[in-house]
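**Q** coords05.cif is the file, holding mmCIF, C-alpha atoms:
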data_my_file
loop_
_atom_site.label_atom_id
_atom_site.label_comp_id
_atom_site.auth_asym_id
_atom_site.auth_seq_id
_atom_site.Cartn_x
_atom_site.Cartn_y
_atom_site.Cartn_z
CA MET A 1210 134.80 86.95 112.24
CA LYS A 1211 134.80 83.22 111.54
CA ASP A 1212 131.62 81.17 111.85
CA ILE A 1213 130.76 77.48 111.89
CA PHE A 1214 128.76 77.88 108.70
CA ASP A 1215 131.37 79.65 106.61
CA GLU A 1216 131.83 78.17 103.15
CA ILE A 1217 135.44 77.06 103.32
CA LYS A 1218 138.04 74.97 101.53
CA PHE A 1219 138.88 71.52 102.90
CA GLY A 1220 141.72 70.36 100.70
CA LYS A 1221 140.38 70.49 97.15
CA PHE A 1222 136.76 70.55 98.33
CA THR A 1223 134.59 73.58 99.06
CA VAL A 1224 132.41 72.63 102.04
CA PRO A 1225 129.34 74.32 103.60
CA SER A 1226 130.52 74.29 107.21
CA ARG A 1227 133.47 73.66 109.51
CA ILE A 1228 131.84 70.58 111.06
CA VAL A 1229 133.17 67.15 110.17
CA ARG A 1230 130.86 64.28 110.99
CA THR A 1231 132.93 61.26 112.05
CA GLY A 1232 131.26 57.90 112.54
CA LEU A 1233 131.96 54.90 114.74
CA TRP A 1234 129.64 51.87 114.59
CA GLU A 1235 126.96 50.87 112.10
CA SER A 1236 125.62 47.46 113.17
CA GLN A 1237 122.14 48.16 111.75
CA PHE A 1238 122.36 45.56 108.98
CA ASP A 1239 119.96 42.96 107.66
CA SER A 1240 120.64 39.27 108.19
CA GLN A 1241 123.25 39.25 105.40
CA LYS A 1242 125.00 42.33 106.81
CA ASN A 1243 123.83 44.45 103.89
CA LEU A 1244 123.22 48.17 104.26
CA THR A 1245 119.60 48.93 105.08
CA ARG A 1246 117.46 51.79 103.77
CA GLU A 1247 117.60 53.28 107.29
CA ILE A 1248 121.37 53.63 107.02
CA ILE A 1249 121.23 55.24 103.59
CA ASP A 1250 118.52 57.63 104.77
CA ARG A 1251 120.68 58.64 107.72
CA TYR A 1252 123.52 59.60 105.38
CA GLU A 1253 121.08 61.64 103.31
CA SER A 1254 119.90 63.47 106.42
CA LEU A 1255 123.49 64.31 107.31
CA ALA A 1256 124.27 65.56 103.80
CA LYS A 1257 121.29 67.88 103.53
CA ASN A 1258 121.73 69.43 106.96
CA ASN A 1259 124.90 71.53 106.69
CA VAL A 1260 127.61 68.99 107.50
CA GLY A 1261 130.91 70.04 105.93
CA VAL A 1262 132.49 66.59 105.46
CA ILE A 1263 131.02 63.16 106.19
CA ILE A 1264 133.21 60.30 107.38
CA THR A 1265 131.55 56.90 107.45
CA GLU A 1266 131.32 54.60 110.39
CA LEU A 1267 134.29 52.27 110.70
CA ILE A 1268 134.71 49.85 107.81
CA SER A 1269 136.62 46.82 109.04
CA MET A 1270 139.78 45.82 107.17
CA TYR A 1271 139.67 42.23 108.46
CA SER A 1272 136.69 39.97 109.06
CA HIS A 1273 137.95 38.61 112.40
CA ASP A 1274 138.97 41.92 113.90
CA ARG A 1275 137.78 42.91 117.38
CA PHE A 1276 135.04 45.19 116.08
CA SER A 1277 134.11 43.36 112.88
CA ASP A 1278 130.78 42.15 114.27
CA TYR A 1279 129.62 45.77 114.55
CA THR A 1280 130.96 47.16 111.31
CA TYR A 1281 130.68 46.73 107.58
CA SER A 1282 133.53 44.79 105.96
CA ILE A 1283 135.69 46.10 103.13
CA ASN A 1284 135.52 42.51 101.81
CA HIS A 1285 131.73 42.35 101.73
CA PRO A 1286 130.78 41.06 98.25
CA PHE A 1287 128.48 44.06 97.66
CA PHE A 1288 130.70 46.73 99.19
CA ILE A 1289 131.12 48.76 95.98
CA LYS A 1290 127.47 48.44 94.92
CA GLU A 1291 125.97 49.32 98.30
CA PHE A 1292 128.29 52.18 99.18
CA LYS A 1293 127.97 53.66 95.70
CA GLU A 1294 124.33 54.29 96.58
CA VAL A 1295 125.41 56.00 99.82
CA VAL A 1296 128.01 58.10 97.99
CA ASP A 1297 125.62 59.11 95.21
CA THR A 1298 123.03 60.12 97.80
CA VAL A 1299 125.53 62.31 99.65
CA HIS A 1300 126.96 63.80 96.44
CA TYR A 1301 123.46 64.95 95.43
CA TYR A 1302 123.89 67.59 98.17
CA ASN A 1303 127.48 68.44 97.08
CA VAL A 1304 129.04 67.13 100.30
CA PRO A 1305 132.30 65.12 100.23
CA ILE A 1306 132.32 61.74 101.93
CA PHE A 1307 135.32 59.70 103.14
CA ALA A 1308 135.44 56.01 104.02
CA GLN A 1309 136.93 55.24 107.43
CA ILE A 1310 139.05 52.06 107.51
CA GLY A 1311 141.19 50.44 110.16
CA PHE A 1312 141.84 47.39 112.31
CA VAL A 1313 142.82 46.65 115.91
CA ASN A 1314 143.98 43.01 115.95
CA CYS A 1315 146.73 41.90 113.56
CA ASN A 1316 145.96 38.47 112.07
CA VAL A 1317 147.81 38.11 108.76
CA ASN A 1318 149.79 35.41 106.97
CA GLY A 1319 148.26 32.73 109.18
CA LYS A 1320 149.55 34.32 112.40
CA GLN A 1321 147.18 35.50 115.11
CA MET A 1322 147.18 38.56 117.38
CA MET A 1323 150.65 39.72 116.42
CA GLU A 1324 152.32 42.41 118.45
CA VAL A 1325 153.96 45.39 116.77
CA ASN A 1326 157.49 44.18 117.44
CA ASP A 1327 156.79 40.72 116.00
CA LEU A 1328 155.80 41.87 112.51
CA THR A 1329 158.10 40.64 109.76
CA VAL A 1330 158.71 42.72 106.65
CA GLU A 1331 156.50 40.20 104.81
CA ASP A 1332 153.70 40.89 107.29
CA ILE A 1333 154.11 44.64 106.78
CA ARG A 1334 153.93 44.22 103.01
CA THR A 1335 150.77 42.13 103.36
CA ILE A 1336 149.07 44.80 105.45
CA GLN A 1337 150.13 47.52 103.02
CA ALA A 1338 148.80 45.51 100.07
CA ASP A 1339 145.50 45.05 101.91
CA TYR A 1340 145.22 48.82 102.39
CA VAL A 1341 145.84 49.40 98.68
CA MET A 1342 143.12 46.91 97.74
CA ALA A 1343 140.76 48.56 100.21
CA ALA A 1344 141.52 51.99 98.77
CA LYS A 1345 140.82 50.76 95.24
CA LYS A 1346 137.41 49.47 96.33
CA ILE A 1347 136.72 52.78 98.08
CA ALA A 1348 137.65 54.68 94.91
CA PHE A 1349 135.49 52.41 92.73
CA ALA A 1350 132.54 53.10 95.05
CA GLY A 1351 132.98 56.81 94.32
CA PHE A 1352 134.20 58.03 97.70
CA ASP A 1353 136.09 61.33 97.76
CA GLY A 1354 138.58 60.20 100.35
CA VAL A 1355 139.71 57.64 102.86
CA GLU A 1356 140.29 58.07 106.58
CA LEU A 1357 143.19 56.01 107.88
CA CYS A 1358 142.53 55.11 111.51
CA ILE A 1359 145.99 55.62 112.97
CA GLY A 1360 144.72 56.88 116.32
CA ASN A 1361 142.58 55.61 119.22
CA ASN A 1362 144.69 52.48 119.74
CA PHE A 1363 144.01 51.08 116.27
CA TYR A 1364 146.89 48.88 115.16
CA LEU A 1365 148.75 51.46 113.07
CA SER A 1366 148.67 53.89 116.00
CA ARG A 1367 150.47 51.30 118.08
CA ILE A 1368 153.20 51.03 115.46
CA MET A 1369 153.77 54.79 115.77
CA ASN A 1370 153.67 54.72 119.57
CA PRO A 1371 157.22 55.18 120.96
CA PHE A 1372 156.26 53.31 124.14
CA GLU A 1373 155.12 50.22 122.24
CA ASN A 1374 157.33 50.11 119.17
CA THR A 1375 160.83 49.00 120.21
CA ARG A 1376 161.87 47.63 116.83
CA ASP A 1377 165.47 48.06 115.72
CA ASP A 1378 164.87 47.91 111.93
CA ASP A 1379 163.62 50.53 109.42
CA TYR A 1380 160.19 50.50 111.11
CA GLY A 1381 161.33 51.38 114.62
CA GLY A 1382 163.49 53.80 116.56
CA SER A 1383 163.22 57.33 115.19
CA THR A 1384 159.89 59.09 114.76
CA TYR A 1385 160.21 58.87 110.98
CA ASN A 1386 160.86 55.12 111.11
CA ARG A 1387 157.82 54.54 113.31
CA VAL A 1388 155.67 56.44 110.79
CA ARG A 1389 157.33 54.79 107.78
CA MET A 1390 154.77 52.00 107.39
CA VAL A 1391 151.93 54.53 107.22
CA LEU A 1392 153.87 56.79 104.85
CA GLU A 1393 154.37 53.87 102.49
CA ILE A 1394 150.63 53.12 102.62
CA ILE A 1395 149.86 56.77 101.82
CA LYS A 1396 152.28 56.76 98.89
CA LEU A 1397 150.81 53.56 97.47
CA ILE A 1398 147.24 54.87 97.74
CA LYS A 1399 148.27 58.16 96.11
CA ASN A 1400 149.89 56.26 93.24
CA MET A 1401 146.79 54.12 92.68
CA THR A 1402 143.89 56.54 93.32
CA ASP A 1403 142.86 60.19 93.51
CA LEU A 1404 141.49 59.81 97.04
CA HIS A 1405 141.92 62.53 99.65
CA ILE A 1406 143.83 60.91 102.54
CA HIS A 1407 142.60 61.95 105.97
CA CYS A 1408 144.57 60.64 108.97
CA LYS A 1409 143.12 60.34 112.47
CA VAL A 1410 146.13 60.80 114.77
CA ASN A 1411 146.68 60.35 118.52
CA LEU A 1412 148.06 62.88 120.90
CA TYR A 1413 150.61 60.64 122.62
CA HIS A 1414 152.28 61.21 125.98
CA ASP A 1415 155.29 62.83 124.28
CA GLU A 1416 153.77 65.92 122.70
CA LYS A 1417 156.97 66.83 120.84
CA ASP A 1418 157.04 63.41 119.22
CA SER A 1419 153.31 63.63 118.47
CA LEU A 1420 153.84 66.97 116.75
CA GLU A 1421 156.67 65.49 114.71
CA ILE A 1422 154.41 62.62 113.63
CA CYS A 1423 151.84 65.12 112.36
CA ARG A 1424 154.50 67.14 110.56
CA ILE A 1425 155.92 64.03 108.87
CA LEU A 1426 152.45 62.92 107.74
CA ALA A 1427 151.67 66.36 106.32
CA GLU A 1428 154.97 66.51 104.45
CA ASN A 1429 154.52 63.04 102.96
CA GLY A 1430 151.09 62.95 101.39
CA ALA A 1431 148.42 63.26 104.10
CA ASP A 1432 145.79 65.73 102.88
CA SER A 1433 144.25 66.45 106.30
CA LEU A 1434 144.62 65.41 109.94
CA GLN A 1435 142.18 64.78 112.76
CA ILE A 1436 143.56 65.07 116.28
CA THR A 1437 142.19 62.60 118.78
CA LYS A 1438 143.07 61.56 122.30
CA PHE A 1439 144.87 58.43 123.39
CA LEU A 1440 142.64 56.02 125.28
CA SER A 1441 144.75 55.59 128.42
CA PRO A 1442 144.21 58.28 131.09
CA GLN A 1443 147.84 58.11 132.25
CA TYR A 1444 148.82 59.83 129.00
CA PHE A 1445 147.30 63.12 130.14
CA ARG A 1446 148.65 65.82 132.37
CA LYS A 1447 147.25 66.39 135.83
CA GLY A 1448 145.32 69.62 136.27
CA GLN A 1449 144.33 69.94 132.60
CA SER A 1450 141.29 68.41 130.93
CA ASN A 1451 141.60 66.11 127.94
CA GLN A 1452 139.71 68.66 125.89
CA ASP A 1453 142.06 71.51 126.81
CA MET A 1454 145.07 69.38 125.94
CA LEU A 1455 143.59 68.49 122.57
CA VAL A 1456 142.81 72.15 121.82
CA ASP A 1457 146.37 73.20 122.67
CA PHE A 1458 147.89 70.38 120.66
CA ALA A 1459 145.61 70.83 117.62
CA SER A 1460 146.48 74.54 117.61
CA SER A 1461 150.20 73.66 117.66
CA VAL A 1462 149.71 71.25 114.77
CA SER A 1463 147.83 73.90 112.79
CA ASP A 1464 150.83 76.21 113.23
CA GLU A 1465 153.17 73.57 111.81
CA VAL A 1466 151.34 72.16 108.79
CA ASP A 1467 149.70 73.52 105.66
CA ILE A 1468 146.80 71.08 105.49
CA PRO A 1469 143.40 71.11 107.26
CA VAL A 1470 143.52 70.10 110.92
CA VAL A 1471 140.32 68.83 112.56
CA LEU A 1472 139.84 68.93 116.33
CA GLY A 1473 138.03 66.02 117.95
CA GLY A 1474 137.07 65.99 121.58
CA GLY A 1475 133.43 66.46 122.47
CA PHE A 1476 132.44 70.00 121.46
CA SER A 1477 128.67 70.21 120.96
CA ASP A 1478 127.78 73.87 121.59
CA MET A 1479 127.66 76.35 118.71
CA GLY A 1480 128.81 79.27 120.87
CA ARG A 1481 131.81 77.37 122.23
CA ILE A 1482 132.81 76.19 118.78
CA ASN A 1483 132.59 79.70 117.33
CA ASN A 1484 134.68 81.00 120.22
CA LEU A 1485 137.22 78.25 119.60
CA ILE A 1486 137.68 78.91 115.89
CA ASN A 1487 137.98 82.65 116.53
CA ASP A 1488 140.32 82.42 119.52
CA SER A 1489 142.68 79.88 117.91
CA ASN A 1490 143.87 78.91 114.46
CA ILE A 1491 141.78 75.71 114.51
CA GLU A 1492 139.49 75.72 111.48
CA PHE A 1493 137.46 72.48 111.78
CA VAL A 1494 135.75 70.50 114.55
CA SER A 1495 134.51 66.91 114.38
CA MET A 1496 131.44 65.44 116.04
CA GLN A 1497 130.03 61.94 116.32
CA ARG A 1498 127.55 61.37 119.16
CA PRO A 1499 125.44 64.52 118.60
CA PHE A 1500 124.61 63.19 115.13
CA VAL A 1501 123.43 59.91 116.63
CA LYS A 1502 120.99 61.89 118.76
CA ASP A 1503 119.80 64.04 115.85
CA SER A 1504 121.33 64.03 112.37
CA SER A 1505 119.68 67.37 111.47
CA PHE A 1506 120.59 69.61 114.41
CA LEU A 1507 123.06 71.75 112.44
CA SER A 1508 120.24 73.16 110.30
CA GLN A 1509 118.51 74.39 113.43
CA TRP A 1510 121.75 75.96 114.66
CA LYS A 1511 122.21 77.74 111.35
CA GLN A 1512 118.66 79.01 111.29
CA GLU A 1513 118.62 80.23 114.90
CA GLY A 1514 122.23 81.41 115.11
CA HIS A 1515 122.86 79.45 118.31
CA GLY A 1516 122.30 76.03 119.78
CA LYS A 1517 123.57 73.13 121.83
CA SER A 1518 123.21 69.45 121.06
CA GLU A 1519 120.74 67.55 123.23
CA CYS A 1520 123.15 64.61 123.35
CA LYS A 1521 123.84 63.69 127.00
CA THR A 1522 127.20 62.05 126.16
CA CYS A 1523 126.01 58.97 128.04
CA ASN A 1524 128.07 56.85 125.62
CA ASN A 1525 125.42 54.14 125.30
CA CYS A 1526 125.72 54.43 121.52
CA TYR A 1527 129.40 53.55 121.96
CA TRP A 1528 129.09 50.75 124.49
CA LYS A 1529 126.12 49.14 122.71
CA LYS A 1530 128.01 49.36 119.39
CA GLN A 1531 125.06 50.92 117.58
CA SER A 1532 124.46 54.24 115.86
CA ILE A 1533 121.22 54.56 117.80
CA CYS A 1534 120.51 56.96 120.66
CA LEU A 1535 119.12 54.65 123.31
CA ILE A 1536 117.68 57.54 125.33
CA GLU A 1537 115.79 58.71 122.26
CA SER A 1538 114.63 55.22 121.30
CA ASN A 1539 113.31 54.53 124.83
CA LYS A 1540 111.08 57.62 124.93
#
Kindly transcribe the structure held in the file into structure tokens.

**A**
Amino acid sequence: MKDIFDEIKFGKFTVPSRIVRTGLWESQFDSQKNLTREIIDRYESLAKNNVGVIITELISMYSHDRFSDYTYSINHPFFIKEFKEVVDTVHYYNVPIFAQIGFVNCNVNGKQMMEVNDLTVEDIRTIQADYVMAAKKIAFAGFDGVELCIGNNFYLSRIMNPFENTRDDDYGGSTYNRVRMVLEIIKLIKNMTDLHIHCKVNLYHDEKDSLEICRILAENGADSLQITKFLSPQYFRKGQSNQDMLVDFASSVSDEVDIPVVLGGGFSDMGRINNLINDSNIEFVSMQRPFVKDSSFLSQWKQEGHGKSECKTCNNCYWKKQSICLIESNK
């Protein structure tokens, strides 16, 4: 019988649990937007409390992106120095850590807020070169992997979206063409670094196309996938919850690929997660908000053999753009 706290392989890593901690915002910087001791201590608490894989909060690719005010920048002058301390702290507990990078607004080559269909090949090459430079910095900082944000309406997810991408060149039309830009980024990163490449992928309205996207990524260098929902409610079927749809889709993806598949979607109860991994072929589950409430709760679950996060899923940590539980801080 499978259990959350099985020691298990995640790509080339042996991890202490099936729980992947995925981050979102940081925003707790000093006046120069440097990492604070509080942030580093939080990563240490995660690493020593039975998390299988740690994914950082979003690291912004571009300084003028929509969420750049709330996130660390890949172009921060002390990025490598500061995150090396985070990585070394996490590695002390033998836990792998990936850097999450992405952007929402496309402002390259002097052009602002470009839509997917307006990108020139030169623009595409600029973005790809920026990802390679980001990956090199991530590797120099000692990270084990990189998470490419190609879900949740980040810009690269829009390029893969068949409802938004109507290009008629090599980067539009067929599923493979819509994924081509990401595949080229993956290939470049693989050629330049030894980083594990973890892709956060949407479930789009067309589930067959979404499954094909996952299959193409897995066959062309992605080392693991995380399944996440699309933001627009019209993309979901009536009569079935978002969570049920994600479970069904993640299970279908797991049947089709030979790399780890991580289910996102709000699970925060040990019993439910254990039932899920035993009743399906899903091996890993990600969490974000429960760790904002309490970064050490998994140790209590492991000790007691059961448990449920006290997170109320109020989403204040999301809307306030801080990795702080406002309910907890107001006690």

**Q** For the structure provided, state which residues fall under the PyMOL selection byres ((chain A and resi 1462-1467) around 7), and present them as a ChimeraX atom specification.

**A** /A:1420,1423-1424,1427,1458-1461,1468-1470,1490-1491

**Q** Near A:Arg1498, within 10 Å and counting only C-alpha atoms, which residues show up once chain neighbours fewer than 6 positions away are dropped, as JSON, numbers by chain?

**A** {"A": [1230, 1231, 1232, 1233, 1475, 1477, 1504, 1518, 1520, 1521, 1522, 1523, 1524, 1525, 1526, 1527, 1532, 1533, 1534]}

**Q** Find the residues around stretch 1332-1340 of chain A up to 9 Å (all atoms listed in the file counted), leave out those fewer than 4 positions away in its own chain, and share them as a PyMOL selection string.

**A** chain A and resi 1270+1310-1311+1315+1317-1318+1328+1344-1345+1390-1391+1393-1394+1397-1398

**Q** If you apply the PyMOL selection byres ((chain A and resi 1323) around 12) to this file, what residues do you get, as a list in words?

**A** Val1313, Asn1314, Cys1315, Asn1316, Val1317, Asn1318, Gly1319, Lys1320, Gln1321, Met1322, Glu1324, Val1325, Asn1326, Asp1327, Leu1328, Thr1329, Asp1332, Ile1333, Tyr1364, Arg1367 and Ile1368 of chain A

**Q** Taking the file above as input, evaluate the PyMOL selection byres ((chain A and resi 1264) around 7) and report the hits as a PyMOL selection string.

**A** chain A and resi 1230-1232+1262-1263+1265-1266+1306-1309

**Q** Which residue out of A:Lys1502, A:Thr1280, A:Trp1510, A:Asn1361 has the minimum interatomic distance to A:Gly1474 when all atoms listed in the file are used?

**A**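 The shortest atom-to-atom distance to A:Gly1474 comes from A:Asn1361.
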
**Q** Can you pull out every residue within 8 Å of stretch 1299-1303 of chain A, counting all atoms listed in the file, but drop anything in the same chain fewer than 4 positions away, and send it as a list in words?

**A**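 My list of contacting residues is Tyr1252, Glu1253, Ala1256, Lys1257 and Val1295 of chain A.
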
**Q** If we count all atoms listed in the file and set the cut-off at 8 Å, which residues sit around stretch 1455-1457 of chain A, ignoring sequence neighbours fewer than 6 positions away in its own chain? Please answer as a PDB file with C-alpha atoms, in the frame of the given file.

**A**
ATOM      1  CA  LEU A1412     148.060  62.880 120.900  1.00  0.00           C
ATOM      2  CA  ILE A1436     143.560  65.070 116.280  1.00  0.00           C
ATOM      3  CA  THR A1437     142.190  62.600 118.780  1.00  0.00           C
ATOM      4  CA  LYS A1438     143.070  61.560 122.300  1.00  0.00           C
ATOM      5  CA  LEU A1472     139.840  68.930 116.330  1.00  0.00           C
ATOM      6  CA  GLY A1473     138.030  66.020 117.950  1.00  0.00           C
ATOM      7  CA  GLY A1474     137.070  65.990 121.580  1.00  0.00           C
TER       8      GLY A1474
END

**Q** What is the distance between atom CA of A:Tyr1271 and atom CA of A:Ile1283, in Å to one decimal?

**A**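 Between atom CA of A:Tyr1271 and atom CA of A:Ile1283 the gap is 7.7 Å.
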
**Q** Rank nothing, just name the residue among A:Pro1371, A:Pro1225, A:Gly1480, A:Gly1351 nearest to A:Thr1402, using only C-alpha atoms.

**A**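 So, comparing all the options, the nearest one is A:Gly1351.
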
**Q** Quick one: of A:Ser1282, A:Gly1514, A:Val1330, A:Asn1362, who's nearest to A:Tyr1380, counting all atoms listed in the file?

**A**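 Under the stated criterion, the closest residue is A:Val1330.
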
**Q** Output as JSON the centre and edge lengths (Å, one decimal) of the box along x, y and z of the file that holds every listed atom of stretch 1406-1415 of chain A after adding 8 Å on each side.

**A**
{"center_x": 148.9, "center_y": 61.6, "center_z": 114.3, "size_x": 28.7, "size_y": 18.5, "size_z": 39.4}
